[in-house]
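J.: To start, I am sharing the structure in question, which I have written as structure tokens.
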There are 2 protein chains.
Amino acid sequence: MAKALAQAPARKGPQTAIRIREAALELFSRLGFERANMAQIAAEAGVSQATLHYHFEDKFQLWRAAMLQLRAVIAEEERLLEAAMDTPPEVQLRMAMRMFLQISWRHPALGRIVALEGMAGGERLEWLDAHLIGPRNRRLAELAKAAIDSGALKPFPAEILIITLQAAAAGVINLAPMMAVSFDVDVTQAPARAAHERMILDALLGGLLTDPSATT
Amino acid sequence: MAKALAQAPARKGPQTAIRIREAALELFSRLGFERANMAQIAAEAGVSQATLHYHFEDKFQLWRAAMLQLRAVIAEEERLLEAAMDTPPEVQLRMAMRMFLQISWRHPALGRIVALEGMAGGERLEWLDAHLIGPRNRRLAELAKAAIDSGALKPFPAEILIITLQAAAAGVINLAPMMAVSFDVDVTQAPARAAHERMILDALLGGLLTDPSATT
DNA sequence: TGAATTTCTGATTACAAAGTCAGGAATACT
DNA sequence: AGTATTCCTGACTTTGTAATCAGAAATTCA
């Protein structure tokens with residue numbers, strides 16, 4: 001009966017595919033690839049499990065399709081960064097981190113996916129590197145290198161610096177369940193988010209700069 | 001035949017239980033709870049799968065037993081911290097972070113487990129909070145609060161600060177597979193580790209202090 | 001209208017992985 | 001020696017889950 005209502009257009013194709021991808025993204029990011037199961041995703045999307053296999057060949061392909069949803073987000077970030085190409089690298093880096101924070105709060109799935117697959121290794125990480133995170137990581141590392149060469153950033157290995165900054169920024173967001181259990185703190189509240197952003201951008205990034213007052 | 005050698009004492013009980021726990025810890029931490037399977041763990045430990053169920057009731061209990069192996073490590077850290085109770089809180093915090101880094105490099109399992117379960121939530125996180133990470137987290141947060149009250153640390157929310165610092169420190173270690181794929185960098189090499197430690201303790205922690213030169 | 005196409009589903013299959021159990025082998029106890 | 005106990009195993013059962021498939025329902029097109 002609920003079905004009859006939603007099923008008014010029998011060829012509701014693209015719409016259901018989108019719902020499936022959204023449900024898949026949510027569950028994959030919250031639970032990881034193995035723990036998220038097709039039945040759950042189907043239920044979340046309001047379709048039968050067989051429908052998943054009609055739209056997507058197998059679980060891995062569904063996962064990739066869900067990941068590609070995130071590309072639009074990344075693309076937007078890249079567009080904004082391009083527009084600031086002529087500013088000094090340390091300013092670009094700060095902008096990039098600010099965008100990373102905004103994106104991470106708006107799309108916590110991204111950070112969780114990267115953390116999950118980035119720890120595990122394997123074919124899904126290879127795929128992520130090629131399609132989502134690799135180009136971005138390498139560009140940020142170049143930015144850090146440029147900032148180090150110009151003397152604005154302290155001379156730490158650029159790759160380690162970039163990953164550490166991102167891990168610091170995403171940590172509190174990814175570990176929200178632990179923050180709730182250990183501290184009974186809800187970090188999704190606006191005040192917590194604002195403090196978090198200041199801490200990352202001013203204190204931590206500031207500690208990496210040779211002259212913290214320069215970009216503030 | 002290899003069995004006959006190792007099996008000299010037929011009641012090799014405790015020894016095999018230990019081997020099982022070690023294998024379980026390694027696999028659980030590398031793959032997470034679901035991806036690690038009993039057959040793998042049994043093979044790694046050199047026993048049959050049924051033996052796992054002889055020593056441990058089920059998979060969850062085996063997981064808990066493996067986690068308890070890590071308690072000794074944590075306990076050592078706590079002991080060292082107790083000995084420094086009379087130093088200023090910001091110095092204690094720096095010590096704690098230095099120990100956290102050492103422990104994380106020596107036992108990468110810990111950080112991976114915390115990241116995996118801390119993102120997912122659920123009964124395993126509750127258990128970890130009660131038995132492994134909760135008391136430690138809360139003590140570090142108290143330390144941070146004290147350092148903030150004394151004016152040594154910038155006034156960010158202590159809980160967020162502590163988790164961010166740990167996430168920053170563990171990030172590069174946990175994400176070693178991603179560092180390898182994205183940058184072709186092996187962060188387990190000594191130079192990378194030394195740079196990482198300086199970055200966390202001096203630059204990042206320094207950025208959180210009101211007077212970075214105080215504890216260096 | 002009626003055939004063809006697209007979208008979706010219930011029922012089923014295939015398989016992997018957790019968990020059970022009867023019994024064998026070594027050792028300890030008397 | 002003989003019995004009991006501990007430790008371990010191969011074979012089996014059960015369960016959870018991905019994947020398949022024949023066909024139903026809706027829609028489009030001729």
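Residue names in the structure tokens use chain letters A, B, ... in the order shown, residue numbers from 1 in each chain, and ligand numbers from 1 in the order shown.
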Kindly provide the residues of chain D that approach chain B to within 7 Å, each paired with its closest atom pair and their distance in Å to one decimal, based on only C-alpha atoms (C1' of nucleotides), listed by chain and increasing number, as a Markdown table.
T.:
| residue | atom | partner | partner_atom | distance |
| --- | --- | --- | --- | --- |
| D:DT6 | C1' | B:Arg11 | CA | 6.3 |
| D:DC7 | C1' | B:Arg11 | CA | 5.7 |
| D:DC8 | C1' | B:Thr51 | CA | 6.2 |
| D:DT9 | C1' | B:Ser48 | CA | 6.6 |
J.: Which residues of region 20-129 of chain A have any atom within 12 Å of an atom in region 151-155 of chain A when counting only C-alpha atoms, and what is the closest pair of atoms for each, with the distance in Å to one decimal? Order the rows by chain and rising number and write it as a Markdown table.
T.:
| residue | atom | partner | partner_atom | distance |
| --- | --- | --- | --- | --- |
| A:Pro88 | CA | A:Ala152 | CA | 9.1 |
| A:Pro89 | CA | A:Ala152 | CA | 8.5 |
| A:Glu90 | CA | A:Ala152 | CA | 6.6 |
| A:Val91 | CA | A:Ala152 | CA | 9.7 |
| A:Gln92 | CA | A:Ala152 | CA | 11.9 |
| A:Leu93 | CA | A:Leu153 | CA | 10.2 |
| A:Arg94 | CA | A:Leu153 | CA | 11.4 |
J.: Now that the selection is made, can you save its residues with C-alpha atoms as a compact mmCIF listing (two decimals), in the first residue's frame?
T.:
# COMPACT_ATOMS: atom_id res chain seq x y z
CA PRO A 88 50.80 32.42 -1.09
CA PRO A 89 50.88 28.65 -0.53
CA GLU A 90 50.42 28.89 3.25
CA VAL A 91 47.26 30.94 2.70
CA GLN A 92 46.04 28.38 0.19
CA LEU A 93 46.78 25.65 2.69
CA ARG A 94 44.76 27.40 5.34
J.: Matching every Cα in sequence order between the two identical chains, what are the coordinates of chain A once fitted onto chain B? Write them as a tab-separated table (two decimals) with C-alpha atoms, in the first residue's frame.
T.:
chain	number	residue	atom	x	y	z
A	1	MET	CA	54.86	-33.82	11.45
A	2	ALA	CA	55.41	-30.21	12.27
A	3	LYS	CA	52.60	-30.87	14.66
A	4	ALA	CA	54.42	-33.72	16.38
A	5	LEU	CA	57.37	-31.45	17.02
A	6	ALA	CA	55.46	-28.57	18.50
A	7	GLN	CA	53.13	-30.84	20.36
A	8	ALA	CA	55.76	-32.42	22.58
A	9	PRO	CA	53.85	-31.35	25.68
A	10	ALA	CA	50.28	-32.38	24.94
A	11	ARG	CA	49.00	-30.02	27.58
A	12	LYS	CA	50.51	-27.02	25.85
A	13	GLY	CA	47.48	-25.07	27.04
A	14	PRO	CA	48.45	-21.62	28.25
A	15	GLN	CA	51.02	-21.25	25.52
A	16	THR	CA	48.52	-21.85	22.73
A	17	ALA	CA	46.00	-19.57	24.36
A	18	ILE	CA	48.61	-16.84	24.28
A	19	ARG	CA	49.46	-17.52	20.66
A	20	ILE	CA	45.78	-17.35	19.82
A	21	ARG	CA	45.37	-14.03	21.62
A	22	GLU	CA	48.37	-12.59	19.83
A	23	ALA	CA	47.14	-13.72	16.44
A	24	ALA	CA	43.68	-12.42	17.25
A	25	LEU	CA	45.02	-9.04	18.34
A	26	GLU	CA	47.03	-8.68	15.17
A	27	LEU	CA	44.16	-9.62	12.88
A	28	PHE	CA	41.42	-7.78	14.75
A	29	SER	CA	43.45	-4.60	14.74
A	30	ARG	CA	44.47	-4.83	11.12
A	31	LEU	CA	41.11	-5.86	9.74
A	32	GLY	CA	38.50	-5.00	12.31
A	33	PHE	CA	36.15	-7.36	14.05
A	34	GLU	CA	34.09	-8.61	11.13
A	35	ARG	CA	36.75	-8.84	8.49
A	36	ALA	CA	39.02	-10.87	10.72
A	37	ASN	CA	37.74	-14.44	10.73
A	38	MET	CA	38.26	-17.33	13.04
A	39	ALA	CA	39.86	-19.51	10.37
A	40	GLN	CA	42.54	-16.88	9.70
A	41	ILE	CA	43.23	-16.43	13.39
A	42	ALA	CA	43.47	-20.18	13.87
A	43	ALA	CA	45.85	-20.51	10.94
A	44	GLU	CA	47.99	-17.64	12.21
A	45	ALA	CA	48.17	-19.25	15.64
A	46	GLY	CA	48.93	-22.66	14.13
A	47	VAL	CA	45.93	-24.42	15.63
A	48	SER	CA	42.62	-25.70	14.36
A	49	GLN	CA	39.57	-23.53	14.34
A	50	ALA	CA	37.89	-25.71	16.93
A	51	THR	CA	40.72	-24.96	19.33
A	52	LEU	CA	39.72	-21.33	19.32
A	53	HIS	CA	36.33	-22.33	20.62
A	54	TYR	CA	37.89	-24.58	23.19
A	55	HIS	CA	39.82	-21.69	24.73
A	56	PHE	CA	37.34	-18.91	24.08
A	57	GLU	CA	33.59	-19.18	24.14
A	58	ASP	CA	32.91	-17.13	21.05
A	59	LYS	CA	34.40	-14.53	18.75
A	60	PHE	CA	33.45	-11.57	20.92
A	61	GLN	CA	35.07	-13.11	23.96
A	62	LEU	CA	38.21	-13.80	21.97
A	63	TRP	CA	38.19	-10.16	20.93
A	64	ARG	CA	37.90	-9.04	24.54
A	65	ALA	CA	40.70	-11.37	25.57
A	66	ALA	CA	42.89	-9.91	22.84
A	67	MET	CA	42.06	-6.38	23.97
A	68	LEU	CA	43.04	-7.18	27.52
A	69	GLN	CA	46.54	-7.90	26.21
A	70	LEU	CA	46.77	-4.20	25.58
A	71	ARG	CA	45.90	-3.28	29.13
A	72	ALA	CA	49.38	-4.01	30.37
A	73	VAL	CA	50.68	-1.40	27.95
A	74	ILE	CA	48.20	1.19	29.08
A	75	ALA	CA	48.94	0.36	32.69
A	76	GLU	CA	52.62	1.07	32.19
A	77	GLU	CA	51.79	4.45	30.72
A	78	GLU	CA	49.61	5.25	33.70
A	79	ARG	CA	52.34	4.25	36.11
A	80	LEU	CA	54.81	6.63	34.49
A	81	LEU	CA	52.27	9.43	34.56
A	82	GLU	CA	51.55	8.90	38.24
A	83	ALA	CA	55.24	9.38	38.95
A	84	ALA	CA	55.06	12.84	37.38
A	85	MET	CA	51.97	13.98	39.26
A	86	ASP	CA	53.73	16.96	40.81
A	87	THR	CA	54.84	18.57	37.55
A	88	PRO	CA	52.67	21.24	35.88
A	89	PRO	CA	49.73	19.84	33.89
A	90	GLU	CA	51.04	21.04	30.52
A	91	VAL	CA	54.30	19.17	31.16
A	92	GLN	CA	52.34	16.08	32.14
A	93	LEU	CA	50.32	16.44	28.97
A	94	ARG	CA	53.45	16.61	26.88
A	95	MET	CA	54.79	13.54	28.64
A	96	ALA	CA	51.54	11.74	28.05
A	97	MET	CA	51.64	12.57	24.36
A	98	ARG	CA	55.23	11.42	24.08
A	99	MET	CA	54.28	8.13	25.71
A	100	PHE	CA	51.26	7.87	23.48
A	101	LEU	CA	53.49	8.20	20.45
A	102	GLN	CA	55.93	5.58	21.69
A	103	ILE	CA	53.14	3.17	22.54
A	104	SER	CA	51.39	3.81	19.25
A	105	TRP	CA	54.51	2.98	17.31
A	106	ARG	CA	55.23	-0.11	19.38
A	107	HIS	CA	51.62	-1.30	19.42
A	108	PRO	CA	49.87	0.05	16.34
A	109	ALA	CA	47.03	-2.33	17.09
A	110	LEU	CA	45.78	-0.04	19.83
A	111	GLY	CA	45.22	3.00	17.66
A	112	ARG	CA	43.61	1.03	14.89
A	113	ILE	CA	41.21	-0.67	17.27
A	114	VAL	CA	40.22	2.63	18.85
A	115	ALA	CA	39.73	4.20	15.44
A	116	LEU	CA	37.69	1.30	14.12
A	117	GLU	CA	35.40	0.91	17.09
A	118	GLY	CA	35.36	4.61	17.97
A	119	MET	CA	33.87	5.36	14.57
A	120	ALA	CA	31.39	2.51	14.58
A	121	GLY	CA	29.94	2.74	18.06
A	122	GLY	CA	28.15	-0.23	19.55
A	123	GLU	CA	28.81	-2.73	22.29
A	124	ARG	CA	32.48	-3.16	21.55
A	125	LEU	CA	33.04	0.58	21.94
A	126	GLU	CA	31.16	0.52	25.23
A	127	TRP	CA	33.40	-2.28	26.38
A	128	LEU	CA	36.55	-0.48	25.25
A	129	ASP	CA	35.47	2.66	27.02
A	130	ALA	CA	34.89	0.81	30.25
A	131	HIS	CA	38.05	-1.28	30.13
A	132	LEU	CA	40.67	0.47	28.06
A	133	ILE	CA	40.25	3.96	26.76
A	134	GLY	CA	37.60	5.68	28.84
A	135	PRO	CA	39.54	6.23	32.08
A	136	ARG	CA	42.58	7.34	30.15
A	137	ASN	CA	40.61	9.76	27.98
A	138	ARG	CA	38.93	11.29	30.97
A	139	ARG	CA	42.17	11.69	32.85
A	140	LEU	CA	43.85	13.37	29.91
A	141	ALA	CA	40.88	15.69	29.57
A	142	GLU	CA	41.22	16.64	33.23
A	143	LEU	CA	44.89	17.31	32.63
A	144	ALA	CA	44.03	19.55	29.70
A	145	LYS	CA	41.44	21.39	31.77
A	146	ALA	CA	43.99	22.00	34.49
A	147	ALA	CA	46.49	23.28	31.95
A	148	ILE	CA	43.85	25.60	30.52
A	149	ASP	CA	42.89	26.86	33.97
A	150	SER	CA	46.51	27.59	34.77
A	151	GLY	CA	46.75	29.62	31.58
A	152	ALA	CA	49.35	27.38	29.99
A	153	LEU	CA	47.01	25.97	27.34
A	154	LYS	CA	44.77	27.92	25.01
A	155	PRO	CA	41.13	27.67	26.08
A	156	PHE	CA	39.70	25.06	23.71
A	157	PRO	CA	37.21	22.42	24.88
A	158	ALA	CA	39.42	19.92	26.68
A	159	GLU	CA	37.68	16.81	25.31
A	160	ILE	CA	37.96	17.95	21.73
A	161	LEU	CA	41.55	18.99	22.27
A	162	ILE	CA	42.56	15.62	23.69
A	163	ILE	CA	40.89	13.58	20.98
A	164	THR	CA	42.29	15.81	18.26
A	165	LEU	CA	45.81	15.50	19.60
A	166	GLN	CA	45.54	11.74	19.77
A	167	ALA	CA	43.98	11.55	16.33
A	168	ALA	CA	46.81	13.66	14.94
A	169	ALA	CA	49.41	11.48	16.61
A	170	ALA	CA	47.85	8.16	15.62
A	171	GLY	CA	46.76	9.26	12.16
A	172	VAL	CA	50.01	8.71	10.31
A	173	ILE	CA	50.54	5.41	12.11
A	174	ASN	CA	47.06	4.07	11.46
A	175	LEU	CA	47.07	5.25	7.87
A	176	ALA	CA	50.43	3.76	7.00
A	177	PRO	CA	48.84	1.72	4.18
A	178	MET	CA	47.42	4.90	2.68
A	179	MET	CA	50.74	6.71	3.02
A	180	ALA	CA	52.31	3.84	1.10
A	181	VAL	CA	49.69	3.89	-1.65
A	182	SER	CA	49.30	7.65	-2.02
A	183	PHE	CA	52.89	8.71	-1.50
A	184	ASP	CA	54.94	5.55	-1.72
A	185	VAL	CA	56.36	6.53	1.67
A	186	ASP	CA	57.17	4.03	4.40
A	187	VAL	CA	56.42	5.88	7.61
A	188	THR	CA	57.72	3.10	9.82
A	189	GLN	CA	61.30	4.11	9.01
A	190	ALA	CA	63.14	5.80	11.84
A	191	PRO	CA	63.66	9.21	10.17
A	192	ALA	CA	59.95	9.50	9.39
A	193	ARG	CA	59.09	8.52	12.93
A	194	ALA	CA	61.44	11.10	14.42
A	195	ALA	CA	60.05	13.87	12.23
A	196	HIS	CA	56.55	12.79	13.14
A	197	GLU	CA	57.31	12.96	16.84
A	198	ARG	CA	58.85	16.43	16.60
A	199	MET	CA	55.91	17.64	14.59
A	200	ILE	CA	53.34	16.40	17.11
A	201	LEU	CA	55.17	17.38	20.28
A	202	ASP	CA	56.74	20.64	19.19
A	203	ALA	CA	54.67	22.11	16.40
A	204	LEU	CA	51.14	20.91	17.09
A	205	LEU	CA	51.25	20.81	20.86
A	206	GLY	CA	53.27	24.03	20.72
A	207	GLY	CA	50.45	25.66	18.77
A	208	LEU	CA	48.07	24.82	21.56
A	209	LEU	CA	50.27	26.33	24.26
A	210	THR	CA	50.15	29.98	25.15
A	211	ASP	CA	53.93	29.96	25.51
A	212	PRO	CA	55.44	27.20	23.34
A	213	SER	CA	58.94	27.69	24.69
A	214	ALA	CA	57.90	26.73	28.20
A	215	THR	CA	57.89	22.92	27.92
A	216	THR	CA	60.29	22.32	25.05
J.: Write out as a VMD selection string each polymer residue whose atoms come within 12 Å of DA22 (chain C), counting only C-alpha atoms (C1' of nucleotides); drop sequence neighbours fewer than 5 positions from it.
T.: chain D and resid 9 to 12
J.: Using only C-alpha atoms (C1' of nucleotides), can you tell me which of C:DG2, C:DG10, C:DG24, C:DG19 comes closest to chain A?
T.: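 Smallest distance to chain A is found for C:DG10.
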J.: Contacts from chain C to chain A, 9 Å maximum, only C-alpha atoms (C1' of nucleotides): show me the residue list as a PyMOL selection string.
T.: chain C and resi 6-9
J.: Any idea what's packed within 10 Å of DC21 (chain D), counting only C-alpha atoms (C1' of nucleotides), ignoring anything in its chain fewer than 3 positions away? Could you give it as a list in words?
T.: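 Contacts, with the query itself left out: DA11, DT12 and DT13 of chain C.
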J.: Name the residues of region 77-202 of chain A that fall into alpha helix (DSSP H) according to DSSP on the backbone, using the chain letters and numbers of this document, as JSON, numbers by chain.
T.: {"A": [77, 78, 79, 80, 81, 82, 83, 89, 90, 91, 92, 93, 94, 95, 96, 97, 98, 99, 100, 101, 102, 103, 104, 105, 106, 108, 109, 110, 111, 112, 113, 114, 115, 116, 117, 118, 119, 120, 123, 124, 125, 126, 127, 128, 134, 135, 136, 137, 138, 139, 140, 141, 142, 143, 144, 145, 146, 147, 148, 149, 158, 159, 160, 161, 162, 163, 164, 165, 166, 167, 168, 169, 170, 171, 172, 173, 174, 176, 177, 178, 179, 180, 181, 182, 183, 190, 191, 192, 193, 194, 195, 196, 197, 198]}
